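A.B. asks: File name query-v5.txt; file contents compact mmCIF, C-alpha atoms; full text below.
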# COMPACT_ATOMS: atom_id res chain seq x y z
CA MET A 30 -29.24 125.00 115.20
CA THR A 31 -25.51 125.19 114.91
CA SER A 32 -24.38 126.07 111.42
CA SER A 33 -20.63 125.45 111.57
CA ILE A 34 -20.03 121.97 110.18
CA PRO A 35 -16.52 120.52 110.16
CA ALA A 36 -15.12 117.97 107.76
CA VAL A 37 -16.64 114.54 108.27
CA ASP A 38 -13.63 112.40 107.45
CA THR A 39 -12.67 110.62 110.66
CA ARG A 40 -11.01 107.70 108.89
CA THR A 41 -7.94 106.48 110.74
CA ALA A 42 -5.03 104.16 110.10
CA GLU A 43 -7.26 101.39 111.46
CA GLY A 44 -9.62 101.94 108.53
CA SER A 45 -12.50 103.37 110.56
CA ALA A 46 -15.19 105.13 108.54
CA LEU A 47 -17.22 106.65 111.37
CA GLN A 48 -18.63 109.93 110.06
CA ALA A 49 -20.79 111.21 112.94
CA VAL A 50 -22.18 110.37 116.36
CA LEU A 51 -25.83 111.28 116.99
CA LEU A 52 -26.85 111.41 120.65
CA ASP A 53 -30.17 111.49 122.42
CA MET A 54 -30.38 113.82 125.44
CA ASP A 55 -32.86 112.87 128.18
CA GLY A 56 -31.92 109.60 129.86
CA THR A 57 -28.88 109.16 127.61
CA LEU A 58 -26.59 112.06 128.50
CA VAL A 59 -28.52 113.60 131.38
CA ASP A 60 -30.46 111.89 134.16
CA THR A 61 -33.73 113.67 133.50
CA GLU A 62 -36.29 110.95 132.76
CA GLY A 63 -37.28 110.90 136.44
CA ILE A 64 -37.60 114.69 136.47
CA TRP A 65 -39.95 114.56 133.48
CA TRP A 66 -42.08 111.99 135.29
CA ASP A 67 -42.13 114.13 138.46
CA ALA A 68 -43.30 117.09 136.36
CA GLU A 69 -46.06 115.01 134.77
CA VAL A 70 -47.23 113.63 138.14
CA ALA A 71 -47.26 117.11 139.69
CA ILE A 72 -49.19 118.77 136.88
CA PHE A 73 -51.81 116.04 136.73
CA ALA A 74 -52.20 116.07 140.52
CA GLU A 75 -53.03 119.77 140.21
CA LEU A 76 -55.59 118.83 137.57
CA GLY A 77 -57.11 116.30 140.00
CA HIS A 78 -55.68 113.12 138.51
CA ALA A 79 -53.21 110.55 139.85
CA LEU A 80 -50.93 109.02 137.21
CA ALA A 81 -50.58 105.24 137.31
CA GLU A 82 -46.97 104.03 137.45
CA GLU A 83 -47.45 101.94 134.30
CA TYR A 84 -47.99 105.14 132.32
CA ARG A 85 -44.33 105.97 132.91
CA HIS A 86 -43.24 103.15 130.59
CA VAL A 87 -45.56 104.46 127.87
CA VAL A 88 -44.39 108.08 127.92
CA VAL A 89 -40.64 107.56 128.45
CA GLY A 90 -38.57 108.68 125.47
CA GLY A 91 -41.55 109.87 123.51
CA PRO A 92 -42.11 113.29 121.95
CA MET A 93 -43.88 115.72 124.24
CA SER A 94 -47.00 115.93 122.05
CA ARG A 95 -47.48 112.15 122.00
CA SER A 96 -46.79 111.67 125.71
CA ALA A 97 -49.06 114.55 126.72
CA GLN A 98 -51.88 113.37 124.46
CA PHE A 99 -51.64 109.86 125.91
CA LEU A 100 -51.87 111.19 129.47
CA ILE A 101 -54.87 113.38 128.62
CA GLU A 102 -56.68 110.39 127.12
CA ALA A 103 -55.65 108.00 129.91
CA THR A 104 -56.84 110.31 132.69
CA GLY A 105 -59.68 112.15 131.00
CA ALA A 106 -58.15 115.44 132.15
CA ASP A 107 -59.97 118.53 130.91
CA ILE A 108 -57.04 120.39 129.35
CA ALA A 109 -55.96 121.20 125.81
CA LEU A 110 -52.80 119.59 124.46
CA ALA A 111 -51.05 122.92 123.79
CA GLU A 112 -51.75 124.16 127.32
CA LEU A 113 -50.53 120.91 128.87
CA THR A 114 -47.27 120.83 126.92
CA GLY A 115 -46.58 124.40 128.00
CA LEU A 116 -47.23 123.53 131.66
CA LEU A 117 -45.04 120.43 131.48
CA ASN A 118 -42.11 122.24 129.85
CA SER A 119 -42.30 125.02 132.44
CA ARG A 120 -42.56 122.64 135.41
CA PHE A 121 -39.68 120.53 134.12
CA THR A 122 -37.36 123.53 133.84
CA GLU A 123 -38.39 124.63 137.35
CA LEU A 124 -37.58 121.18 138.76
CA LEU A 125 -34.11 121.25 137.19
CA ASP A 126 -33.30 123.94 139.75
CA GLY A 127 -30.12 125.14 138.10
CA THR A 128 -28.32 121.82 137.80
CA VAL A 129 -28.62 118.99 135.32
CA PRO A 130 -27.30 115.62 136.52
CA MET A 131 -24.99 114.07 133.91
CA LEU A 132 -25.08 110.29 133.51
CA PRO A 133 -21.90 108.25 134.14
CA GLY A 134 -19.46 108.50 131.23
CA ALA A 135 -21.39 111.24 129.40
CA ARG A 136 -19.03 114.15 129.95
CA ARG A 137 -15.96 112.04 129.24
CA LEU A 138 -17.47 110.75 125.97
CA LEU A 139 -18.45 114.24 124.77
CA THR A 140 -14.98 115.55 125.59
CA GLU A 141 -13.34 112.66 123.72
CA LEU A 142 -15.49 113.13 120.60
CA ALA A 143 -14.78 116.87 120.56
CA ALA A 144 -11.05 116.35 121.08
CA HIS A 145 -10.92 114.09 118.00
CA GLY A 146 -13.07 116.36 115.84
CA VAL A 147 -15.87 113.83 115.39
CA PRO A 148 -19.04 115.58 114.14
CA THR A 149 -21.58 115.19 116.94
CA ALA A 150 -25.30 115.99 116.95
CA LEU A 151 -27.68 116.24 119.89
CA VAL A 152 -31.03 114.87 118.69
CA SER A 153 -33.89 115.11 121.18
CA ALA A 154 -37.66 114.79 121.32
CA SER A 155 -37.62 117.61 123.88
CA HIS A 156 -38.60 121.08 122.76
CA ARG A 157 -36.00 123.74 121.95
CA ARG A 158 -36.63 125.74 125.15
CA VAL A 159 -35.84 122.65 127.24
CA MET A 160 -32.89 121.59 125.09
CA ASP A 161 -31.27 125.02 125.31
CA ARG A 162 -31.67 124.95 129.09
CA ILE A 163 -29.91 121.57 129.34
CA LEU A 164 -27.25 122.59 126.80
CA ARG A 165 -25.93 125.07 129.37
CA SER A 166 -24.83 122.08 131.45
CA LEU A 167 -23.83 119.79 128.58
CA GLY A 168 -21.76 122.50 126.91
CA PRO A 169 -23.00 123.61 123.47
CA GLU A 170 -19.39 123.56 122.24
CA HIS A 171 -19.52 119.75 122.31
CA PHE A 172 -22.08 119.63 119.48
CA THR A 173 -21.77 120.46 115.80
CA LEU A 174 -25.56 120.43 115.51
CA THR A 175 -28.59 120.29 117.80
CA VAL A 176 -32.06 119.16 116.71
CA ALA A 177 -35.10 119.65 118.98
CA GLY A 178 -38.39 117.77 118.83
CA ASP A 179 -40.44 120.82 117.92
CA GLU A 180 -38.21 121.58 114.91
CA ILE A 181 -39.01 118.37 113.01
CA GLU A 182 -42.49 117.58 111.67
CA ARG A 183 -42.21 113.90 112.54
CA THR A 184 -40.05 113.10 115.54
CA LYS A 185 -39.04 109.80 117.15
CA PRO A 186 -39.86 106.92 116.62
CA HIS A 187 -39.82 108.13 113.01
CA PRO A 188 -36.33 108.25 111.45
CA ASP A 189 -36.70 111.90 110.39
CA PRO A 190 -34.67 113.56 113.21
CA TYR A 191 -31.69 111.28 112.63
CA LEU A 192 -31.92 111.48 108.85
CA PHE A 193 -32.04 115.28 109.14
CA ALA A 194 -29.02 115.36 111.46
CA ALA A 195 -26.99 113.09 109.19
CA ALA A 196 -27.87 115.19 106.15
CA GLN A 197 -26.91 118.42 107.93
CA LEU A 198 -23.55 116.85 108.80
CA ALA A 199 -23.09 115.57 105.21
CA ALA A 200 -22.79 112.08 106.67
CA ASP A 201 -24.00 108.71 105.40
CA PRO A 202 -26.54 107.40 107.98
CA GLY A 203 -24.94 103.98 107.61
CA ARG A 204 -21.68 105.47 108.87
CA CYS A 205 -23.29 107.18 111.86
CA VAL A 206 -23.75 105.78 115.35
CA VAL A 207 -26.88 106.70 117.29
CA ILE A 208 -26.80 106.49 121.10
CA GLU A 209 -30.22 106.17 122.77
CA ASP A 210 -31.80 105.04 126.04
CA THR A 211 -35.37 104.14 125.00
CA ALA A 212 -37.06 101.77 122.56
CA THR A 213 -38.65 104.79 120.85
CA GLY A 214 -35.26 106.34 120.14
CA VAL A 215 -33.68 103.04 119.17
CA ARG A 216 -36.44 102.49 116.58
CA ALA A 217 -35.80 105.96 115.17
CA GLY A 218 -32.06 105.35 114.82
CA GLU A 219 -32.52 101.94 113.26
CA ALA A 220 -35.19 103.20 110.85
CA ALA A 221 -32.70 105.86 109.73
CA GLY A 222 -30.21 103.12 108.87
CA CYS A 223 -27.74 104.02 111.60
CA ARG A 224 -25.79 101.71 113.86
CA VAL A 225 -27.37 101.99 117.33
CA VAL A 226 -25.94 101.78 120.83
CA ALA A 227 -28.69 101.38 123.45
CA VAL A 228 -28.07 102.45 127.04
CA PRO A 229 -31.41 101.50 128.67
CA SER A 230 -32.70 103.90 131.35
CA VAL A 231 -36.25 103.08 132.48
CA VAL A 232 -37.28 100.15 130.27
CA PRO A 233 -35.00 97.24 129.25
CA ILE A 234 -33.90 96.98 125.60
CA GLU A 235 -32.88 93.70 124.01
CA PRO A 236 -29.85 93.33 121.71
CA ALA A 237 -30.61 92.90 117.99
CA ALA A 238 -28.89 92.95 114.62
CA GLY A 239 -27.19 96.31 114.17
CA ARG A 240 -27.83 97.19 117.83
CA THR A 241 -25.45 97.00 120.76
CA VAL A 242 -26.77 97.22 124.33
CA VAL A 243 -24.45 98.51 127.07
CA GLY A 244 -24.91 99.14 130.78
CA SER A 245 -23.71 102.74 130.76
CA LEU A 246 -21.79 105.27 128.69
CA GLU A 247 -18.71 104.31 130.70
CA GLU A 248 -18.51 101.33 128.31
CA VAL A 249 -18.54 103.61 125.24
CA ASP A 250 -15.51 105.40 123.78
CA LEU A 251 -14.36 106.48 120.33
CA PRO A 252 -12.45 103.27 119.45
CA PHE A 253 -15.57 101.27 120.39
CA LEU A 254 -17.82 103.43 118.20
CA ARG A 255 -15.41 103.16 115.28
CA THR A 256 -15.43 99.35 115.47
CA LEU A 257 -19.24 99.33 115.21
CA VAL A 258 -19.16 101.13 111.87
CA THR A 259 -16.14 99.22 110.60
CA ALA A 260 -17.94 95.95 111.35
CA MET A 261 -20.83 97.00 109.13
CA HIS A 262 -18.75 97.93 106.07
Represent the structure contained in this file as structure tokens.
C.D. replies:
Amino acid sequence: MTSSIPAVDTRTAEGSALQAVLLDMDGTLVDTEGIWWDAEVAIFAELGHALAEEYRHVVVGGPMSRSAQFLIEATGADIALAELTGLLNSRFTELLDGTVPMLPGARRLLTELAAHGVPTALVSASHRRVMDRILRSLGPEHFTLTVAGDEIERTKPHPDPYLFAAAQLAADPGRCVVIEDTATGVRAGEAAGCRVVAVPSVVPIEPAAGRTVVGSLEEVDLPFLRTLVTAMH
């Protein structure tokens, strides 16, 4: 994890009190949810099992251990959880094939946050080996901190990853904005007490108190994020 942590005061003449932006990775910044599903389908086909399409909505956005355990139980596949997670991580990185497709608006948003010195954390349920592979495309310089799913005892939908990120950035969770694409991640951000922007990828997400739903990251910029925190305080 990155250790250099800048000052968190991003208050402006407009009175904004945004202290940090905490971003999910798969399906939020990079278009990888479909690649994960392709990896899962391929591995289970090799094990002699066809994955039903409805399973995709269950595993999307979840931590690897939970998703893999669900698929083992749903199919009755004869494989240990640790072996399966290793196979899935390896197949996923193979399928990336050197390039990671960025989602619309992602690179522009990361560049804008970095240019204004806003502390930014990448908070993912993916394991560190996968996160580091994708960081090559995202640009590690865009993030003050990165938190992988296998570095936190309880990952999403628990609030722990976002509470940990906020604490590492010396930020008040209530003055952080979480950006997520799945209901699992949204629940984690909300449970941490953060303001949440949902950019649904596979499964629709409904608006709610403290939650803003947008069609893509092209609708999200720094002034927009600052207004979300200002509106809460």
A.B. asks: In terms of the shortest atom-to-atom distance over all atoms listed in the file, which of A:His171, A:Val258, A:Ala200, A:Ala212 is closest to Ala49 of chain A?
C.D. replies: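 Nearest to Ala49 of chain A: A:Ala200.
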A.B. asks: If we count all atoms listed in the file and set the cut-off at 12 Å, which residues sit around Ala135 of chain A, ignoring sequence neighbours fewer than 6 positions away in its own chain? Please answer as a ChimeraX atom specification.
C.D. replies: /A:52-60,141-142,166-168,171,208,228,245-250
A.B. asks: Now that the selection is made, can you save its residues with C-alpha atoms as an mmCIF file, keeping the file's coordinate frame?
C.D. replies:
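Output below, filename result-v1.cif:
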data_model
loop_
_atom_site.group_PDB
_atom_site.id
_atom_site.type_symbol
_atom_site.label_atom_id
_atom_site.label_comp_id
_atom_site.auth_asym_id
_atom_site.auth_seq_id
_atom_site.Cartn_x
_atom_site.Cartn_y
_atom_site.Cartn_z
ATOM 1 C CA LEU A 52 -26.850 111.410 120.650
ATOM 2 C CA ASP A 53 -30.170 111.490 122.420
ATOM 3 C CA MET A 54 -30.380 113.820 125.440
ATOM 4 C CA ASP A 55 -32.860 112.870 128.180
ATOM 5 C CA GLY A 56 -31.920 109.600 129.860
ATOM 6 C CA THR A 57 -28.880 109.160 127.610
ATOM 7 C CA LEU A 58 -26.590 112.060 128.500
ATOM 8 C CA VAL A 59 -28.520 113.600 131.380
ATOM 9 C CA ASP A 60 -30.460 111.890 134.160
ATOM 10 C CA GLU A 141 -13.340 112.660 123.720
ATOM 11 C CA LEU A 142 -15.490 113.130 120.600
ATOM 12 C CA SER A 166 -24.830 122.080 131.450
ATOM 13 C CA LEU A 167 -23.830 119.790 128.580
ATOM 14 C CA GLY A 168 -21.760 122.500 126.910
ATOM 15 C CA HIS A 171 -19.520 119.750 122.310
ATOM 16 C CA ILE A 208 -26.800 106.490 121.100
ATOM 17 C CA VAL A 228 -28.070 102.450 127.040
ATOM 18 C CA SER A 245 -23.710 102.740 130.760
ATOM 19 C CA LEU A 246 -21.790 105.270 128.690
ATOM 20 C CA GLU A 247 -18.710 104.310 130.700
ATOM 21 C CA GLU A 248 -18.510 101.330 128.310
ATOM 22 C CA VAL A 249 -18.540 103.610 125.240
ATOM 23 C CA ASP A 250 -15.510 105.400 123.780
#
A.B. asks: Can you pull out the residues contacting Ala238 of chain A? Cut-off 10 Å, using all atoms listed in the file, and skip same-chain residues under 6 positions away; I want them as a list in words.
C.D. replies: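 Selected residues are Glu219, Arg224 and Val225 of chain A.
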A.B. asks: Could you tell me, as a PyMOL selection string, which residues have any atom at most 10 Å from (-16.8, 102.7, 117.4), counting only C-alpha atoms?
C.D. replies: chain A and resi 45-47+50+205-206+224+226+249-260
A.B. asks: Using all atoms listed in the file, which residue out of A:Val243, A:Leu125, A:Val207, A:Leu117 lies closest to Ser153 of chain A?
C.D. replies: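 The closest residue to Ser153 of chain A is A:Val207.
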